[in-house]
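Student: Structure in structure tokens, see below.
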Amino acid sequence: MLNGERGPDRRFVASAPAVVIVCLTLAGWASQGVAQELKPQTVIEKSFPHSSKCKRCHERVFEEWDLSPLSKSIHSAAFRASLDVFLKSSAGKDKGLCFRCHAPQIRSFPDHVQLFIDQTMSGDPSLDGVACSQCHLIKQVDRTKHPPEPKYETDSKVLYGPYKDAVQNLAHQSREADIFQKSDLCLNCHQSVPSAANLGKANDLLGDWDKSQGVKGGRECQHCHMPEQVGESANGERKRKVANHTFPGRIGTLRQEAAKLDIQTKVEAERTTVIVKVQSLVPHNLPTTHPGWATVILNLEVKGKNLKTVFADSRTYGRTYVDAKGEKTVFDFEAVKVVADTVLKPEETRIETFTFPTPKDTRTFDIEVALNYGAITGPSSFLERVEAESSKGSQDAVFQPIEIVKRTENVLVGK
Ligand code: HEC
Ligand code: HEC
Ligand code: HEC
Ligand code: HEC
Ligand code: HEC
């Protein structure tokens, strides 16, 4: 869609001072040699320049990305606590597993896995997680692998992106790669969890997303999660079509397009039945990633006389795993089998029926139905660890449900 765009006026570019001044300082790409004397982090950042190097020229993109969950992918208390559970588990021998998606430069530096672990555990890693270079150094993906595997090119000073006609700058070369407008770029981290490979089809995190109406209409992940807007591609460059890098998901207004709720109520003397139709508009599973501890919850609350809650119930959408000992676990890396799968499938309509005693001493009552992302779940030792690790304690974001959609209805008891 951006391919037809024309590049900005060259005269304008030549006079943009930022382009000239900053060019000399982009990463260690400028100098080679003496590698054996450099600290491991410096070596890593010579190949995968730190996002702070891109910020100077791509301030808008940087600030958007900085607000997104991607910029916190190895920084959260929940990640630290679950990484610790993982490393102590029998699956934990493959120490780099989590970083393959949470800090994918590990692929090029498997020997430095301890640095990634130490930095994460410090609570304030200076290594990037899923940042600029981690996506824009991907030259192509190997589609013969499932999920498609990224092929990084780290020693040519070329950054790959969506533009055919990128304006030249002195910090890096730019080259168009068609995968930047294709879901293939995202699948490696969003389609399945490698540790749970023995779960087979049940490890499929997106479901039959490619058969959904939403995707058949030609929409790639970027269409919804990196919506098109108009802005500066680099500081001072011409305004053109750019992609929002806040990655709307749990955060952002995309949520309002996630589901519709429909309520039908039947009052039959002493008993009332409420039928809730949950219609997912999402073209992939909901929730998608880590459906053991990440859930979506439908809450029903009935408020009778004086708006007092007289009945409450809920349904949970997620997966229940069991481990090798046959015990339930929320951790996908311990799972050997899925014993329950209530994840909302792509564009599925789910019917839920609730029955309760008709509220007494009132002519009307209220029904409140809400679909939320649930708080993180797991054994109490894990949840306590998250709380202890977080500077916000029990107020940490992972403990707060996030509303997706809500409906309220006033019901007449009759007579
Ligand atoms: C290198 C792995 C990787 C790639 C490639 C990747 N992601 Fe992600 N993505 C992650 C991780 C890890 C998180 C979670 C970060 C966190 O919350 O700690 C995430 C989070 C997200 C979220 C936020 C979800 C939420 O709950 O709010 C969205 C949306 C998203 N990614 C979309 C995309 C899209 C679209 C692409 C392709 C253009 C993509 N991702 C490519 C690893 C990746
Ligand atoms: C296949 C890629 C992949 C692997 C492997 C992976 N994750 Fe994730 N993880 C993601 C994505 C994508 C998200 C974002 C989910 C969302 O928000 O919908 C995420 C989210 C999370 C979150 C919640 C977000 C946060 O930071 O608060 C935690 C915690 C987490 N992962 C821990 C781990 C741990 C620990 C491991 C290793 C055992 C691991 N992950 C392995 C892709 C992966
Ligand atoms: C998860 C992968 C991912 C991450 C992380 C990421 N990008 Fe992008 N970026 C993309 C994709 C995909 C596109 C093309 C989107 C489209 O055209 O639909 C893009 C487009 C761009 C563009 C051209 C369009 C625009 O929005 O200006 C620039 C410049 C860019 N990214 C810079 C950056 C910088 C700088 C960072 C870090 C602050 C960053 N990106 C982080 C995937 C990513
Ligand atoms: C000296 C300033 C400067 C620095 C530093 C810089 N860029 Fe750029 N970048 C530009 C300019 C100028 C463009 C062209 C914008 C246009 O054509 O609209 C560009 C274009 C891009 C594009 C689009 C390429 C394409 O063909 O689609 C991407 C992606 C990108 N930069 C990523 C990065 C990343 C990642 C970093 C940090 C490692 C970075 N840039 C550092 C100035 C810079
Ligand atoms: C037609 C629009 C659309 C497309 C295409 C789409 N999504 Fe989503 N996605 C949504 C909506 C709507 C939600 C739920 C609301 C929200 O979280 O904002 C969602 C939620 C998510 C979440 C967060 C949910 C969770 O369980 O934490 C992730 C991660 C995600 N999508 C990744 C992807 C990836 C990867 C692709 C490409 C394979 C993709 N999406 C394609 C609309 C879309």
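Chain labels run A, B, ... following the order of the structure tokens; each chain numbers its residues from 1, and ligands are numbered from 1 in the order shown.
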At a cut-off of 9 Å and counting only C-alpha atoms and all ligand atoms, what residues surround ligand 2? Please answer as a PyMOL selection string.
Tutor: chain A and resi 69-70+72-87+91-92+95-102+147+186-195+249-250+286-291+293-294+331-334+376+397-398
Student: Enumerate residues in contact with ligand 3: an atom-to-atom distance of at most 8 Å, counting only C-alpha atoms and all ligand atoms. Format the result as a PyMOL selection string.
Tutor: chain A and resi 1-2+51-52+54-55+57-66+70-71+130-136+161-163+179-182+185-186+222-223+226-228+231-234+241-245
Student: Limited to N, CA and C atoms, could you put the picked residues into a file as a compact mmCIF listing (two decimals), in the first residue's frame?
Tutor:
```txt
# COMPACT_ATOMS: atom_id res chain seq x y z
N MET A 1 0.83 -1.20 0.00
CA MET A 1 0.00 0.00 0.00
C MET A 1 0.86 1.25 0.00
N LEU A 2 2.08 1.14 0.60
CA LEU A 2 2.93 2.32 0.63
C LEU A 2 3.84 2.38 -0.60
N SER A 51 18.09 0.75 20.50
CA SER A 51 17.00 1.63 20.04
C SER A 51 17.31 3.11 20.31
N SER A 52 18.13 3.39 21.34
CA SER A 52 18.44 4.79 21.64
C SER A 52 19.17 5.45 20.46
N CYS A 54 18.41 4.99 17.36
CA CYS A 54 17.43 5.29 16.31
C CYS A 54 16.58 6.48 16.73
N LYS A 55 16.46 6.66 18.04
CA LYS A 55 15.57 7.68 18.59
C LYS A 55 15.87 9.06 18.02
N CYS A 57 16.82 10.17 15.23
CA CYS A 57 16.28 10.51 13.92
C CYS A 57 14.84 10.05 13.74
N HIS A 58 14.41 9.08 14.53
CA HIS A 58 13.05 8.54 14.38
C HIS A 58 12.30 8.74 15.69
N GLU A 59 12.19 10.01 16.11
CA GLU A 59 11.63 10.29 17.42
C GLU A 59 10.17 9.85 17.57
N ARG A 60 9.37 10.10 16.55
CA ARG A 60 7.96 9.69 16.64
C ARG A 60 7.84 8.19 16.82
N VAL A 61 8.54 7.46 15.95
CA VAL A 61 8.44 6.00 16.03
C VAL A 61 8.93 5.53 17.40
N PHE A 62 10.03 6.10 17.84
CA PHE A 62 10.60 5.68 19.12
C PHE A 62 9.60 5.89 20.25
N GLU A 63 9.00 7.08 20.26
CA GLU A 63 8.08 7.37 21.37
C GLU A 63 6.85 6.47 21.34
N GLU A 64 6.38 6.15 20.14
CA GLU A 64 5.24 5.23 20.05
C GLU A 64 5.64 3.85 20.57
N TRP A 65 6.77 3.36 20.06
CA TRP A 65 7.24 2.03 20.47
C TRP A 65 7.49 1.97 21.99
N ASP A 66 8.02 3.06 22.54
CA ASP A 66 8.33 3.12 23.95
C ASP A 66 7.08 2.95 24.82
N LEU A 70 5.89 -4.01 23.70
CA LEU A 70 7.11 -4.58 23.10
C LEU A 70 8.38 -4.01 23.72
N SER A 71 8.33 -2.73 24.12
CA SER A 71 9.53 -2.11 24.69
C SER A 71 9.79 -2.60 26.11
N VAL A 130 12.31 -6.47 22.44
CA VAL A 130 11.88 -6.47 21.04
C VAL A 130 11.90 -5.01 20.57
N ALA A 131 13.03 -4.59 20.04
CA ALA A 131 13.20 -3.18 19.66
C ALA A 131 13.41 -3.05 18.16
N CYS A 132 13.85 -1.86 17.75
CA CYS A 132 13.94 -1.50 16.33
C CYS A 132 14.75 -2.51 15.50
N SER A 133 16.01 -2.72 15.92
CA SER A 133 16.89 -3.58 15.14
C SER A 133 16.36 -5.01 15.07
N GLN A 134 15.68 -5.42 16.16
CA GLN A 134 15.20 -6.80 16.24
C GLN A 134 14.16 -7.07 15.16
N CYS A 135 13.51 -6.05 14.64
CA CYS A 135 12.60 -6.24 13.51
C CYS A 135 13.23 -5.76 12.20
N HIS A 136 13.91 -4.62 12.25
CA HIS A 136 14.33 -4.00 10.99
C HIS A 136 15.64 -4.54 10.41
N GLY A 161 12.75 -2.24 5.57
CA GLY A 161 11.49 -1.61 5.95
C GLY A 161 10.53 -1.62 4.78
N PRO A 162 9.41 -0.87 4.93
CA PRO A 162 8.35 -0.93 3.93
C PRO A 162 8.57 -0.05 2.70
N TYR A 163 9.53 0.92 2.77
CA TYR A 163 9.64 1.88 1.67
C TYR A 163 10.55 1.40 0.54
N ILE A 179 8.18 -8.43 3.39
CA ILE A 179 7.63 -9.02 4.62
C ILE A 179 7.16 -7.98 5.63
N PHE A 180 7.62 -6.73 5.52
CA PHE A 180 7.19 -5.72 6.49
C PHE A 180 5.71 -5.39 6.39
N GLN A 181 5.10 -5.80 5.30
CA GLN A 181 3.66 -5.60 5.21
C GLN A 181 2.92 -6.93 5.24
N LYS A 182 3.60 -7.94 5.76
CA LYS A 182 3.00 -9.28 5.79
C LYS A 182 3.02 -9.86 7.21
N LEU A 185 6.07 -11.69 9.16
CA LEU A 185 7.07 -11.06 10.02
C LEU A 185 6.75 -11.29 11.50
N CYS A 186 5.47 -11.42 11.79
CA CYS A 186 5.02 -11.49 13.19
C CYS A 186 4.89 -12.93 13.69
N GLN A 222 -0.46 -6.25 10.61
CA GLN A 222 -0.14 -4.82 10.66
C GLN A 222 -1.38 -3.94 10.44
N HIS A 223 -2.33 -4.43 9.64
CA HIS A 223 -3.51 -3.64 9.32
C HIS A 223 -4.22 -3.19 10.60
N MET A 226 -0.74 -2.23 13.59
CA MET A 226 0.18 -1.12 13.28
C MET A 226 -0.56 -0.21 12.31
N PRO A 227 -1.70 0.35 12.76
CA PRO A 227 -2.56 1.06 11.80
C PRO A 227 -1.84 2.20 11.09
N GLU A 228 -2.26 2.39 9.86
CA GLU A 228 -1.66 3.42 9.02
C GLU A 228 -2.06 4.81 9.52
N GLY A 231 2.42 10.90 9.04
CA GLY A 231 3.35 11.56 9.96
C GLY A 231 4.74 11.61 9.36
N GLU A 232 5.70 12.04 10.19
CA GLU A 232 7.09 12.10 9.73
C GLU A 232 7.72 10.72 9.87
N SER A 233 8.38 10.26 8.82
CA SER A 233 9.03 8.96 8.87
C SER A 233 10.34 9.06 9.65
N ALA A 234 11.04 10.17 9.47
CA ALA A 234 12.25 10.46 10.26
C ALA A 234 12.17 11.96 10.55
N LYS A 241 2.73 8.28 4.55
CA LYS A 241 2.03 7.21 5.27
C LYS A 241 3.03 6.47 6.14
N VAL A 242 2.75 6.40 7.41
CA VAL A 242 3.63 5.71 8.35
C VAL A 242 2.78 4.72 9.16
N ALA A 243 3.47 3.87 9.92
CA ALA A 243 2.76 2.84 10.67
C ALA A 243 2.86 3.13 12.16
N ASN A 244 1.72 3.07 12.84
CA ASN A 244 1.70 3.32 14.28
C ASN A 244 2.47 2.21 15.01
N HIS A 245 3.46 2.62 15.80
CA HIS A 245 4.32 1.66 16.51
C HIS A 245 3.95 1.50 17.99
```
Student: With only C-alpha atoms as the counted atoms, please give the residues lying no more than 8 Å from Ile263 of chain A, apart from itself and same-chain residues fewer than 5 positions off, as number ranges by chain.
Tutor: A: 274-277, 409
Student: Quick one: residues within 12 Å of segment 106-114 of chain A, only C-alpha atoms, excluding same-chain residues fewer than 3 positions away - as a PyMOL selection string?
Tutor: chain A and resi 39-48+87+93-103+117-121+127-130+134+137+149-155
Student: Print the selection's residues with C-alpha atoms to a file, as a compact mmCIF listing (two decimals), in the first residue's frame.
Tutor:
```
# COMPACT_ATOMS: atom_id res chain seq x y z
CA LYS A 39 32.26 -6.44 26.49
CA PRO A 40 29.62 -8.97 25.40
CA GLN A 41 26.92 -6.28 25.43
CA THR A 42 28.99 -4.05 23.16
CA VAL A 43 29.48 -6.95 20.78
CA ILE A 44 25.75 -7.63 20.72
CA GLU A 45 24.96 -3.96 20.16
CA LYS A 46 27.46 -3.73 17.32
CA SER A 47 25.26 -6.18 15.46
CA PHE A 48 21.90 -5.01 16.82
CA LEU A 87 14.84 -21.72 34.70
CA LYS A 93 17.78 -26.41 30.34
CA ASP A 94 17.12 -24.58 27.09
CA LYS A 95 17.96 -21.30 28.85
CA GLY A 96 17.50 -19.07 25.82
CA LEU A 97 13.96 -20.18 25.03
CA CYS A 98 12.03 -17.20 26.38
CA PHE A 99 14.44 -14.73 24.80
CA ARG A 100 13.87 -16.15 21.33
CA CYS A 101 10.67 -14.08 21.34
CA HIS A 102 11.32 -11.61 24.18
CA ALA A 103 14.84 -10.51 23.02
CA ILE A 117 19.31 -13.69 32.23
CA ASP A 118 21.43 -11.54 34.58
CA GLN A 119 20.22 -8.32 33.00
CA THR A 120 16.58 -9.41 33.14
CA MET A 121 16.89 -10.49 36.76
CA LEU A 127 19.77 -4.63 26.66
CA ASP A 128 16.83 -4.14 24.33
CA GLY A 129 13.98 -6.66 24.20
CA VAL A 130 11.88 -6.47 21.04
CA GLN A 134 15.20 -6.80 16.24
CA LEU A 137 17.40 -6.20 10.52
CA GLU A 149 11.89 -18.12 10.93
CA PRO A 150 13.54 -14.69 10.69
CA LYS A 151 16.82 -14.34 8.77
CA TYR A 152 18.82 -11.47 10.22
CA GLU A 153 21.44 -9.57 8.29
CA THR A 154 23.56 -7.72 10.82
CA ASP A 155 26.78 -6.74 9.12
```
Student: Please report, as number ranges by chain, each residue of segment 268-394 of chain A to which DSSP assigns strand (DSSP E or B) when run on this structure's backbone.
Tutor: A: 268, 271-280, 286, 296-303, 309-317, 319-322, 328-329, 337-341, 344, 349-357, 364-373
Student: Mind listing the residues within 7 Å of ligand 4, only C-alpha atoms and all ligand atoms counted, as a ChimeraX atom specification?
Tutor: /A:7-8,18-20,22-23,26,49-51,53-54,56-58,132-133,136,159-172,174-176,233-234,237-238
Student: Tell me which of A:Asp396, A:Glu352, A:Glu301, A:Glu387 sits closest to Asp366 of chain A, counting only C-alpha atoms.
Tutor: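 That would be A:Glu301, the residue with the smallest distance to Asp366 of chain A.
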Student: When distances are computed from only C-alpha atoms and all ligand atoms, which of A:Leu254, A:Val310, A:Ile351, A:Val141 shows the smallest separation from ligand 5?
Tutor: A:Leu254
Student: Run DSSP on the backbone and tell me which residues of segment 366-415 of chain A come out as helix (DSSP H, G or I); list them as a ChimeraX atom specification.
Tutor: /A:380-389,393-395,397-399
Student: Save the residues we just selected, N, CA and C atoms, as an mmCIF file, in the first residue's frame?
Tutor:
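Below is the file that was written, result.cif:
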```
data_model
loop_
_atom_site.group_PDB
_atom_site.id
_atom_site.type_symbol
_atom_site.label_atom_id
_atom_site.label_comp_id
_atom_site.auth_asym_id
_atom_site.auth_seq_id
_atom_site.Cartn_x
_atom_site.Cartn_y
_atom_site.Cartn_z
ATOM 1 N N SER A 380 0.036 -19.483 43.993
ATOM 2 C CA SER A 380 0.209 -18.294 44.829
ATOM 3 C C SER A 380 1.682 -17.917 44.987
ATOM 4 N N SER A 381 2.571 -18.909 44.990
ATOM 5 C CA SER A 381 4.002 -18.581 45.116
ATOM 6 C C SER A 381 4.455 -17.710 43.934
ATOM 7 N N PHE A 382 3.918 -18.009 42.752
ATOM 8 C CA PHE A 382 4.267 -17.237 41.555
ATOM 9 C C PHE A 382 3.684 -15.821 41.633
ATOM 10 N N LEU A 383 2.407 -15.743 42.023
ATOM 11 C CA LEU A 383 1.766 -14.426 42.087
ATOM 12 C C LEU A 383 2.426 -13.541 43.149
ATOM 13 N N GLU A 384 2.817 -14.171 44.276
ATOM 14 C CA GLU A 384 3.514 -13.403 45.318
ATOM 15 C C GLU A 384 4.865 -12.903 44.822
ATOM 16 N N ARG A 385 5.507 -13.732 44.013
ATOM 17 C CA ARG A 385 6.803 -13.343 43.458
ATOM 18 C C ARG A 385 6.649 -12.142 42.512
ATOM 19 N N VAL A 386 5.619 -12.184 41.674
ATOM 20 C CA VAL A 386 5.365 -11.054 40.767
ATOM 21 C C VAL A 386 5.159 -9.790 41.596
ATOM 22 N N GLU A 387 4.349 -9.919 42.644
ATOM 23 C CA GLU A 387 4.051 -8.776 43.503
ATOM 24 C C GLU A 387 5.327 -8.240 44.151
ATOM 25 N N ALA A 388 6.165 -9.145 44.637
ATOM 26 C CA ALA A 388 7.401 -8.734 45.309
ATOM 27 C C ALA A 388 8.378 -8.085 44.328
ATOM 28 N N GLU A 389 8.381 -8.590 43.101
ATOM 29 C CA GLU A 389 9.304 -8.081 42.071
ATOM 30 C C GLU A 389 8.881 -6.713 41.543
ATOM 31 N N GLY A 393 3.923 -3.387 43.385
ATOM 32 C CA GLY A 393 3.346 -4.425 44.242
ATOM 33 C C GLY A 393 2.066 -4.994 43.671
ATOM 34 N N SER A 394 1.029 -5.072 44.515
ATOM 35 C CA SER A 394 -0.229 -5.679 44.068
ATOM 36 C C SER A 394 -0.961 -4.779 43.071
ATOM 37 N N GLN A 395 -0.442 -3.559 42.858
ATOM 38 C CA GLN A 395 -1.058 -2.663 41.871
ATOM 39 C C GLN A 395 -0.437 -2.833 40.480
ATOM 40 N N ALA A 397 0.340 -3.759 36.748
ATOM 41 C CA ALA A 397 -0.635 -3.824 35.652
ATOM 42 C C ALA A 397 -1.159 -5.243 35.398
ATOM 43 N N VAL A 398 -0.328 -6.266 35.588
ATOM 44 C CA VAL A 398 -0.801 -7.630 35.277
ATOM 45 C C VAL A 398 -1.896 -8.111 36.226
ATOM 46 N N PHE A 399 -2.058 -7.421 37.361
ATOM 47 C CA PHE A 399 -3.124 -7.813 38.296
ATOM 48 C C PHE A 399 -4.427 -7.068 38.024
#
```
Student: Of the residues A:Glu220, A:Asp313, A:Glu347, A:Asp323, which is the one nearest to ligand 5, using only C-alpha atoms and all ligand atoms?
Tutor: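 Nearest candidate to ligand 5 out of A:Glu220, A:Asp313, A:Glu347, A:Asp323: A:Glu220.
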Student: Pick out the closest residue to ligand 1 from this set: A:Lys216, A:Phe354, A:Gly374, A:Val343. Count only C-alpha atoms and all ligand atoms.
Tutor: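 Under the stated criterion, the closest residue is A:Gly374.
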Student: Separation of atom CA of Asn285 of chain A and atom CA of Asp208 of chain A, in Å?
Tutor: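 Computing the Euclidean distance for atom CA of Asn285 of chain A and atom CA of Asp208 of chain A yields 8.1 Å.
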Student: Quick one, how far is atom 28 (C, counted along the ligand's line) of ligand 1 from atom CA of Asp184 of chain A?
Tutor: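 Computing the Euclidean distance for atom 28 (C, counted along the ligand's line) of ligand 1 and atom CA of Asp184 of chain A yields 14.0 Å.
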